[in-house]
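Q: Structure file input_31.cif, mmCIF, C-alpha atoms and all ligand atoms, is pasted below:
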```
data_coords
#
loop_
_atom_site.label_atom_id
_atom_site.label_comp_id
_atom_site.auth_asym_id
_atom_site.auth_seq_id
_atom_site.Cartn_x
_atom_site.Cartn_y
_atom_site.Cartn_z
CA MET J 8 0.00 0.00 0.00
CA ALA J 9 1.28 3.46 -0.87
CA ALA J 10 2.59 5.63 1.94
CA THR J 11 0.69 8.56 3.39
CA THR J 12 1.49 12.24 2.91
CA GLU J 13 2.55 12.38 6.56
CA GLU J 14 5.03 9.55 6.05
CA LEU J 15 6.48 11.25 2.97
CA LEU J 16 6.78 14.58 4.80
CA ALA J 17 8.51 12.80 7.69
CA LEU J 18 11.06 11.48 5.19
CA HIS J 19 11.54 15.02 3.86
CA GLU J 20 12.28 16.19 7.40
CA ARG J 21 14.90 13.45 7.81
CA VAL J 22 16.53 14.60 4.56
CA ARG J 23 16.60 18.22 5.74
CA ALA J 24 18.32 17.17 8.97
CA CYS J 25 20.79 14.79 7.30
CA THR J 26 24.53 15.27 7.82
CA ALA J 27 25.64 11.91 6.43
CA CYS J 28 27.96 13.27 3.75
CA PRO J 29 30.14 16.40 3.39
CA LEU J 30 27.56 18.17 1.20
CA HIS J 31 25.58 19.13 4.28
CA ALA J 32 28.33 21.58 5.19
CA THR J 33 28.09 23.62 1.98
CA ARG J 34 24.34 23.53 1.30
CA ILE J 35 21.93 26.32 2.13
CA GLN J 36 19.28 23.69 2.57
CA ALA J 37 18.60 20.13 1.46
CA VAL J 38 16.10 19.51 -1.34
CA PRO J 39 14.17 16.33 -0.50
CA GLY J 40 11.63 16.26 -3.34
CA TYR J 41 8.31 17.75 -4.30
CA GLY J 42 4.96 16.36 -5.37
CA PRO J 43 2.06 14.25 -4.15
CA VAL J 44 2.59 10.86 -2.55
CA THR J 45 -0.11 9.60 -4.94
CA ALA J 46 1.94 10.51 -8.05
CA ARG J 47 2.07 7.74 -10.65
CA ILE J 48 5.08 9.37 -12.32
CA MET J 49 8.34 10.16 -10.63
CA ALA J 50 11.14 12.22 -12.19
CA VAL J 51 14.66 11.76 -10.84
CA GLY J 52 17.49 14.13 -11.70
CA GLU J 53 21.07 14.48 -10.58
CA GLY J 54 21.14 17.01 -7.73
CA PRO J 55 20.03 20.47 -6.67
CA GLY J 56 21.51 23.49 -8.42
CA GLU J 57 21.94 27.00 -7.10
CA THR J 58 18.26 28.00 -7.33
CA GLU J 59 17.09 24.72 -5.83
CA ASP J 60 19.58 25.07 -2.96
CA ARG J 61 18.18 28.51 -2.25
CA GLU J 62 14.48 27.63 -2.56
CA GLY J 63 14.51 24.08 -1.19
CA LYS J 64 12.54 22.66 -4.14
CA PRO J 65 13.79 20.52 -7.02
CA PHE J 66 13.88 21.70 -10.64
CA VAL J 67 12.88 25.32 -10.07
CA GLY J 68 15.72 26.90 -12.11
CA ALA J 69 16.00 27.15 -15.89
CA ALA J 70 16.21 23.36 -16.30
CA GLY J 71 13.12 22.99 -14.15
CA GLN J 72 11.19 25.47 -16.26
CA LEU J 73 12.14 23.49 -19.35
CA LEU J 74 11.01 20.27 -17.66
CA THR J 75 7.66 21.90 -16.86
CA ARG J 76 7.22 22.96 -20.50
CA LEU J 77 8.15 19.51 -21.77
CA LEU J 78 5.65 17.86 -19.44
CA GLU J 79 2.96 20.31 -20.46
CA SER J 80 3.70 19.66 -24.14
CA VAL J 81 2.41 16.12 -23.69
CA GLY J 82 -0.50 17.09 -21.46
CA LEU J 83 1.13 16.32 -18.13
CA ASP J 84 0.78 18.64 -15.16
CA ARG J 85 3.94 18.99 -13.12
CA ARG J 86 1.84 19.15 -9.97
CA ASP J 87 0.83 15.52 -10.54
CA ILE J 88 4.43 14.34 -10.65
CA TYR J 89 6.84 13.68 -7.81
CA ILE J 90 10.23 15.20 -8.60
CA THR J 91 13.48 14.53 -6.80
CA ASN J 92 17.20 13.91 -7.34
CA ILE J 93 19.67 11.15 -6.60
CA ILE J 94 21.40 13.42 -4.09
CA LYS J 95 19.51 15.92 -2.00
CA CYS J 96 22.16 18.58 -1.38
CA ARG J 97 23.90 20.81 -3.93
CA PRO J 98 27.50 19.89 -4.80
CA PRO J 99 29.63 23.05 -4.62
CA GLY J 100 29.81 24.82 -7.98
CA ASN J 101 27.35 22.30 -9.44
CA ARG J 102 30.14 19.73 -9.86
CA ASP J 103 29.28 16.10 -10.49
CA PRO J 104 28.34 14.20 -7.34
CA GLU J 105 31.03 11.96 -5.87
CA GLN J 106 30.37 8.25 -5.62
CA GLU J 107 30.51 8.36 -1.80
CA GLU J 108 27.92 11.14 -1.77
CA VAL J 109 25.59 9.18 -4.04
CA GLU J 110 25.99 6.10 -1.85
CA ALA J 111 25.40 8.02 1.37
CA CYS J 112 22.20 9.50 -0.04
CA SER J 113 20.90 6.47 -1.93
CA HIS J 114 18.66 5.12 0.83
CA PHE J 115 16.53 8.26 0.69
CA LEU J 116 15.75 7.73 -3.00
CA ASP J 117 15.08 4.05 -2.37
CA GLU J 118 12.61 4.99 0.36
CA GLN J 119 10.90 7.51 -1.92
CA VAL J 120 10.46 4.92 -4.67
CA THR J 121 9.08 2.42 -2.17
CA MET J 122 6.70 4.98 -0.67
CA LEU J 123 5.27 6.18 -3.99
CA ASP J 124 5.50 2.91 -5.91
CA PRO J 125 5.23 4.87 -9.20
CA ASP J 126 4.25 3.27 -12.50
CA VAL J 127 6.82 5.27 -14.46
CA ILE J 128 10.14 6.80 -13.45
CA LEU J 129 11.65 9.43 -15.74
CA VAL J 130 15.40 9.02 -15.38
CA LEU J 131 16.91 12.44 -16.10
CA GLY J 132 20.51 12.29 -17.24
CA ARG J 133 23.45 9.94 -17.00
CA HIS J 134 23.98 10.16 -13.25
CA ALA J 135 20.40 9.20 -12.50
CA LEU J 136 20.66 6.43 -15.10
CA LEU J 137 23.79 5.03 -13.43
CA ARG J 138 22.12 5.15 -10.03
CA LEU J 139 18.74 3.67 -11.00
CA LEU J 140 19.68 1.28 -13.80
CA PRO J 141 23.33 0.35 -13.25
CA GLY J 142 24.76 -1.63 -16.15
CA ALA J 143 21.78 -1.01 -18.44
CA GLY J 144 23.78 1.12 -20.87
CA GLY J 145 24.50 4.75 -21.62
CA ILE J 146 22.07 7.61 -21.99
CA SER J 147 22.96 8.14 -25.66
CA ARG J 148 21.71 4.62 -26.46
CA LEU J 149 18.79 4.32 -24.03
CA HIS J 150 17.19 7.79 -24.13
CA GLY J 151 13.49 7.65 -24.92
CA GLN J 152 13.22 3.90 -24.47
CA ARG J 153 11.09 2.11 -21.90
CA LEU J 154 12.92 -0.32 -19.66
CA ARG J 155 10.87 -2.55 -17.42
CA ARG J 156 11.72 -3.78 -13.98
CA GLY J 157 8.87 -5.75 -12.53
CA ASP J 158 5.69 -3.70 -12.84
CA ARG J 159 7.56 -0.42 -13.22
CA ALA J 160 8.75 1.34 -16.37
CA TYR J 161 11.90 3.44 -16.41
CA VAL J 162 12.38 6.00 -19.19
CA PRO J 163 15.90 7.45 -19.51
CA LEU J 164 15.89 11.00 -20.89
CA TYR J 165 18.57 13.57 -21.46
CA HIS J 166 18.79 15.95 -18.52
CA PRO J 167 16.96 19.21 -19.29
CA ALA J 168 20.05 21.18 -18.21
CA ALA J 169 22.07 19.46 -20.95
CA ALA J 170 19.39 20.25 -23.52
CA LEU J 171 19.49 23.94 -22.60
CA TYR J 172 23.01 24.13 -23.99
CA ASN J 173 22.66 21.81 -26.96
CA ALA J 174 19.97 22.38 -29.59
CA SER J 175 20.17 18.85 -30.97
CA LEU J 176 19.63 17.39 -27.51
CA MET J 177 16.61 19.67 -27.14
CA ASP J 178 15.03 18.18 -30.25
CA THR J 179 15.78 14.67 -29.02
CA LEU J 180 14.42 15.35 -25.55
CA THR J 181 11.26 16.87 -26.99
CA ALA J 182 10.73 13.85 -29.23
CA ASP J 183 11.42 11.42 -26.38
CA MET J 184 8.91 13.19 -24.17
CA GLN J 185 6.23 12.58 -26.76
CA ARG J 186 6.60 8.87 -26.05
CA VAL J 187 6.22 9.24 -22.27
CA ARG J 188 2.50 9.88 -22.41
CA GLY J 189 1.96 6.59 -24.23
CA TYR J 190 4.13 4.77 -21.71
CA LEU J 191 2.03 6.19 -18.92
CA ALA J 192 -1.20 5.11 -20.58
CA ASP J 193 0.18 1.60 -20.94
CA ALA J 194 1.27 1.59 -17.30
CA GLU J 195 -2.17 2.72 -16.14
CA ALA J 196 -3.81 -0.02 -18.18
CA ALA J 197 -1.43 -2.61 -16.71
CA ARG J 198 -2.17 -1.39 -13.19
CA ALA J 199 -5.91 -1.67 -13.86
CA ARG J 200 -5.43 -5.24 -15.10
CA ARG J 201 -3.44 -6.13 -11.99
CA ALA J 202 -6.16 -4.62 -9.80
CA GLN J 203 -8.65 -6.89 -11.54
CA GLY J 204 -6.38 -9.87 -10.93
CA VAL J 205 -5.45 -10.36 -14.56
CA GLY J 206 -1.83 -11.51 -14.84
CA VAL J 207 0.58 -10.00 -17.31
CA VAL J 208 2.00 -12.96 -19.17
CA GLY J 209 5.67 -12.72 -20.00
CA ALA J 210 6.31 -9.52 -18.06
CA SER J 211 10.04 -8.86 -18.01
CA THR J 212 11.91 -8.44 -14.75
CA THR J 213 15.07 -7.21 -16.41
CA ALA J 214 16.17 -3.79 -17.52
CA GLN J 215 16.34 -4.70 -21.19
CA PRO J 216 14.47 -2.38 -23.56
CA ASP J 217 11.30 -3.82 -25.05
CA PRO J 218 12.06 -3.96 -28.82
CA SER J 219 8.46 -3.11 -29.68
CA ASP J 220 8.73 0.05 -27.62
CA GLN J 221 11.55 1.27 -29.78
CA LEU J 222 9.16 1.43 -32.70
CA ALA J 223 6.27 2.95 -30.82
CA LEU J 224 5.22 6.43 -31.77
CA PHE J 225 2.61 8.37 -29.85
S1 LIG F 1 23.47 14.76 -0.01
FE1 LIG F 1 22.15 13.24 0.98
S2 LIG F 1 23.53 12.07 2.34
FE2 LIG F 1 24.59 14.00 1.83
S3 LIG F 1 24.02 15.39 3.53
FE3 LIG F 1 22.55 15.73 1.83
S4 LIG F 1 20.80 14.42 2.36
FE4 LIG F 1 22.55 13.68 3.58
#
```
Would you mind writing the file out in structure tokens?

A:
Amino acid sequence: MAATTEELLALHERVRACTACPLHATRIQAVPGYGPVTARIMAVGEGPGETEDREGKPFVGAAGQLLTRLLESVGLDRRDIYITNIIKCRPPGNRDPEQEEVEACSHFLDEQVTMLDPDVILVLGRHALLRLLPGAGGISRLHGQRLRRGDRAYVPLYHPAAALYNASLMDTLTADMQRVRGYLADAEAARARRAQGVGVVGASTTAQPDPSDQLALF
């Protein structure tokens, strides 16, 4: 059963009080995540940037505004999505997170995924891909594809921040986002079938892309 709002907010409070890695010393504030516990879609990025560090919310800077526009372009309301990062505190100067920092923070993301039990996780950028789907492949090969693990679909996408500085990535990200709505519709249908007790024959438990998905256009 999904967690309650109170349980999710209690997790957020634990994140805000966390001092488990050196990033706590340089942050203004931790950025636990934002969105309803009932969200069926989760978006996971790399880590807070300067604006996020200041405001305490994820994806509120330029990359966040692009993410909002991309979601809206396929009829999704950002307020229905739970958004977080693999690490909850800003690395100084927006450097890449260190492996030890990712490991120290990883249990928080695991708890968030367990609490929300989302149908679809949008995996934003290579760091999130490495953290959530280790060994599955690189972002340049997997972007826009649907990878299944159990009942959940993971969709690697280029990070919006990368697309802001590269016009070709912007086109790719926009095209990939068009497929997400279809993935979500499929996930909702699968959830409804499970609720009715209808098994999904042949459901994959690996992170391999479904070849048919690579041809799907929505
Ligand atoms: S990045 Fe994660 S582990 Fe490190 S201090 Fe922040 S919340 Fe704690």

Q: Do you know which residues are at most 7 Å from region 38-49 of chain J counting all atoms listed in the file, after dropping those on the same chain fewer than 5 positions away, and could you put them as a ChimeraX atom specification?

A: /J:10-12,15,19,22-23,55,59-60,63-65,86-91,95-96,123,125-129

Q: Store the residues picked out above in a file with C-alpha atoms, as a tab-separated table (two decimals), keeping the file's coordinate frame.

A:
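Heads up, here's the output in result-v7.tsv:
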```tsv
chain	number	residue	atom	x	y	z
J	10	ALA	CA	2.59	5.63	1.94
J	11	THR	CA	0.69	8.56	3.39
J	12	THR	CA	1.49	12.24	2.91
J	15	LEU	CA	6.48	11.25	2.97
J	19	HIS	CA	11.54	15.02	3.86
J	22	VAL	CA	16.53	14.60	4.56
J	23	ARG	CA	16.60	18.22	5.74
J	55	PRO	CA	20.03	20.47	-6.67
J	59	GLU	CA	17.09	24.72	-5.83
J	60	ASP	CA	19.58	25.07	-2.96
J	63	GLY	CA	14.51	24.08	-1.19
J	64	LYS	CA	12.54	22.66	-4.14
J	65	PRO	CA	13.79	20.52	-7.02
J	86	ARG	CA	1.84	19.15	-9.97
J	87	ASP	CA	0.83	15.52	-10.54
J	88	ILE	CA	4.43	14.34	-10.65
J	89	TYR	CA	6.84	13.68	-7.81
J	90	ILE	CA	10.23	15.20	-8.60
J	91	THR	CA	13.48	14.53	-6.80
J	95	LYS	CA	19.51	15.92	-2.00
J	96	CYS	CA	22.16	18.58	-1.38
J	123	LEU	CA	5.27	6.18	-3.99
J	125	PRO	CA	5.23	4.87	-9.20
J	126	ASP	CA	4.25	3.27	-12.50
J	127	VAL	CA	6.82	5.27	-14.46
J	128	ILE	CA	10.14	6.80	-13.45
J	129	LEU	CA	11.65	9.43	-15.74
```

Q: Could you write out as AutoDock Vina command-line options the box around ligand LIG 1 (chain F) (axis-aligned, all atoms listed in the file, 8 Å on each side), with centre and edge lengths in Å to one decimal?

A:
```
--center_x 22.7 --center_y 13.9 --center_z 1.8 --size_x 19.8 --size_y 19.7 --size_z 19.6
```

Q: Using all atoms listed in the file, determine which residues lie at most 9 Å from region 137-141 of chain J, disregarding the query and same-chain residues fewer than 5 positions distant; provide the list as a PyMOL selection string.

A: chain J and resi 93+109+113+130+132+161+214

Q: One decimal, in Å: what's the spacing between CA of Ala50 (chain J) and CA of Phe66 (chain J)?

A: 10.0 Å

Q: When distances are computed from all atoms listed in the file, which of J:Gly56, J:Pro98, J:Gly82, J:Gly71 shows the smallest separation from ligand LIG 1 (chain F)?

A: J:Pro98

Q: Each residue of chain J lying at most 7 Å from ligand LIG 1 (chain F) should get a row with its shortest atom-to-atom pair and the distance in Å to one decimal, counting all atoms listed in the file; could you produce that, ordered by chain and increasing number, as JSON lines?

A:
```
{"residue": "J:Val22", "atom": "CA", "partner": "F:LIG1", "partner_atom": "S4", "distance": 4.8}
{"residue": "J:Arg23", "atom": "CA", "partner": "F:LIG1", "partner_atom": "S4", "distance": 6.6}
{"residue": "J:Cys25", "atom": "CA", "partner": "F:LIG1", "partner_atom": "FE4", "distance": 4.3}
{"residue": "J:Thr26", "atom": "CA", "partner": "F:LIG1", "partner_atom": "S3", "distance": 4.3}
{"residue": "J:Ala27", "atom": "CA", "partner": "F:LIG1", "partner_atom": "FE4", "distance": 4.6}
{"residue": "J:Cys28", "atom": "CA", "partner": "F:LIG1", "partner_atom": "FE2", "distance": 3.9}
{"residue": "J:Pro29", "atom": "CA", "partner": "F:LIG1", "partner_atom": "S3", "distance": 6.2}
{"residue": "J:Leu30", "atom": "CA", "partner": "F:LIG1", "partner_atom": "S3", "distance": 5.1}
{"residue": "J:His31", "atom": "CA", "partner": "F:LIG1", "partner_atom": "S3", "distance": 4.1}
{"residue": "J:Ala37", "atom": "CA", "partner": "F:LIG1", "partner_atom": "FE3", "distance": 5.9}
{"residue": "J:Ile94", "atom": "CA", "partner": "F:LIG1", "partner_atom": "S1", "distance": 4.8}
{"residue": "J:Lys95", "atom": "CA", "partner": "F:LIG1", "partner_atom": "S1", "distance": 4.6}
{"residue": "J:Cys96", "atom": "CA", "partner": "F:LIG1", "partner_atom": "S1", "distance": 4.3}
{"residue": "J:Glu108", "atom": "CA", "partner": "F:LIG1", "partner_atom": "FE2", "distance": 5.7}
{"residue": "J:Ala111", "atom": "CA", "partner": "F:LIG1", "partner_atom": "S2", "distance": 4.6}
{"residue": "J:Cys112", "atom": "CA", "partner": "F:LIG1", "partner_atom": "S2", "distance": 3.7}
```

Q: Between J:Glu57, J:Asp158, J:Glu20, J:Glu14, which one has atoms that come closest to Ile35 (chain J), using only C-alpha atoms?

A: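 Residue with the minimum atom-to-atom distance to Ile35 (chain J): J:Glu57.
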
Q: Take CA of Ala24 (chain J) and CA of Glu118 (chain J) and report the distance between them in Å, one decimal.

A: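 Going from CA of Ala24 (chain J) over to CA of Glu118 (chain J) covers 16.0 Å.
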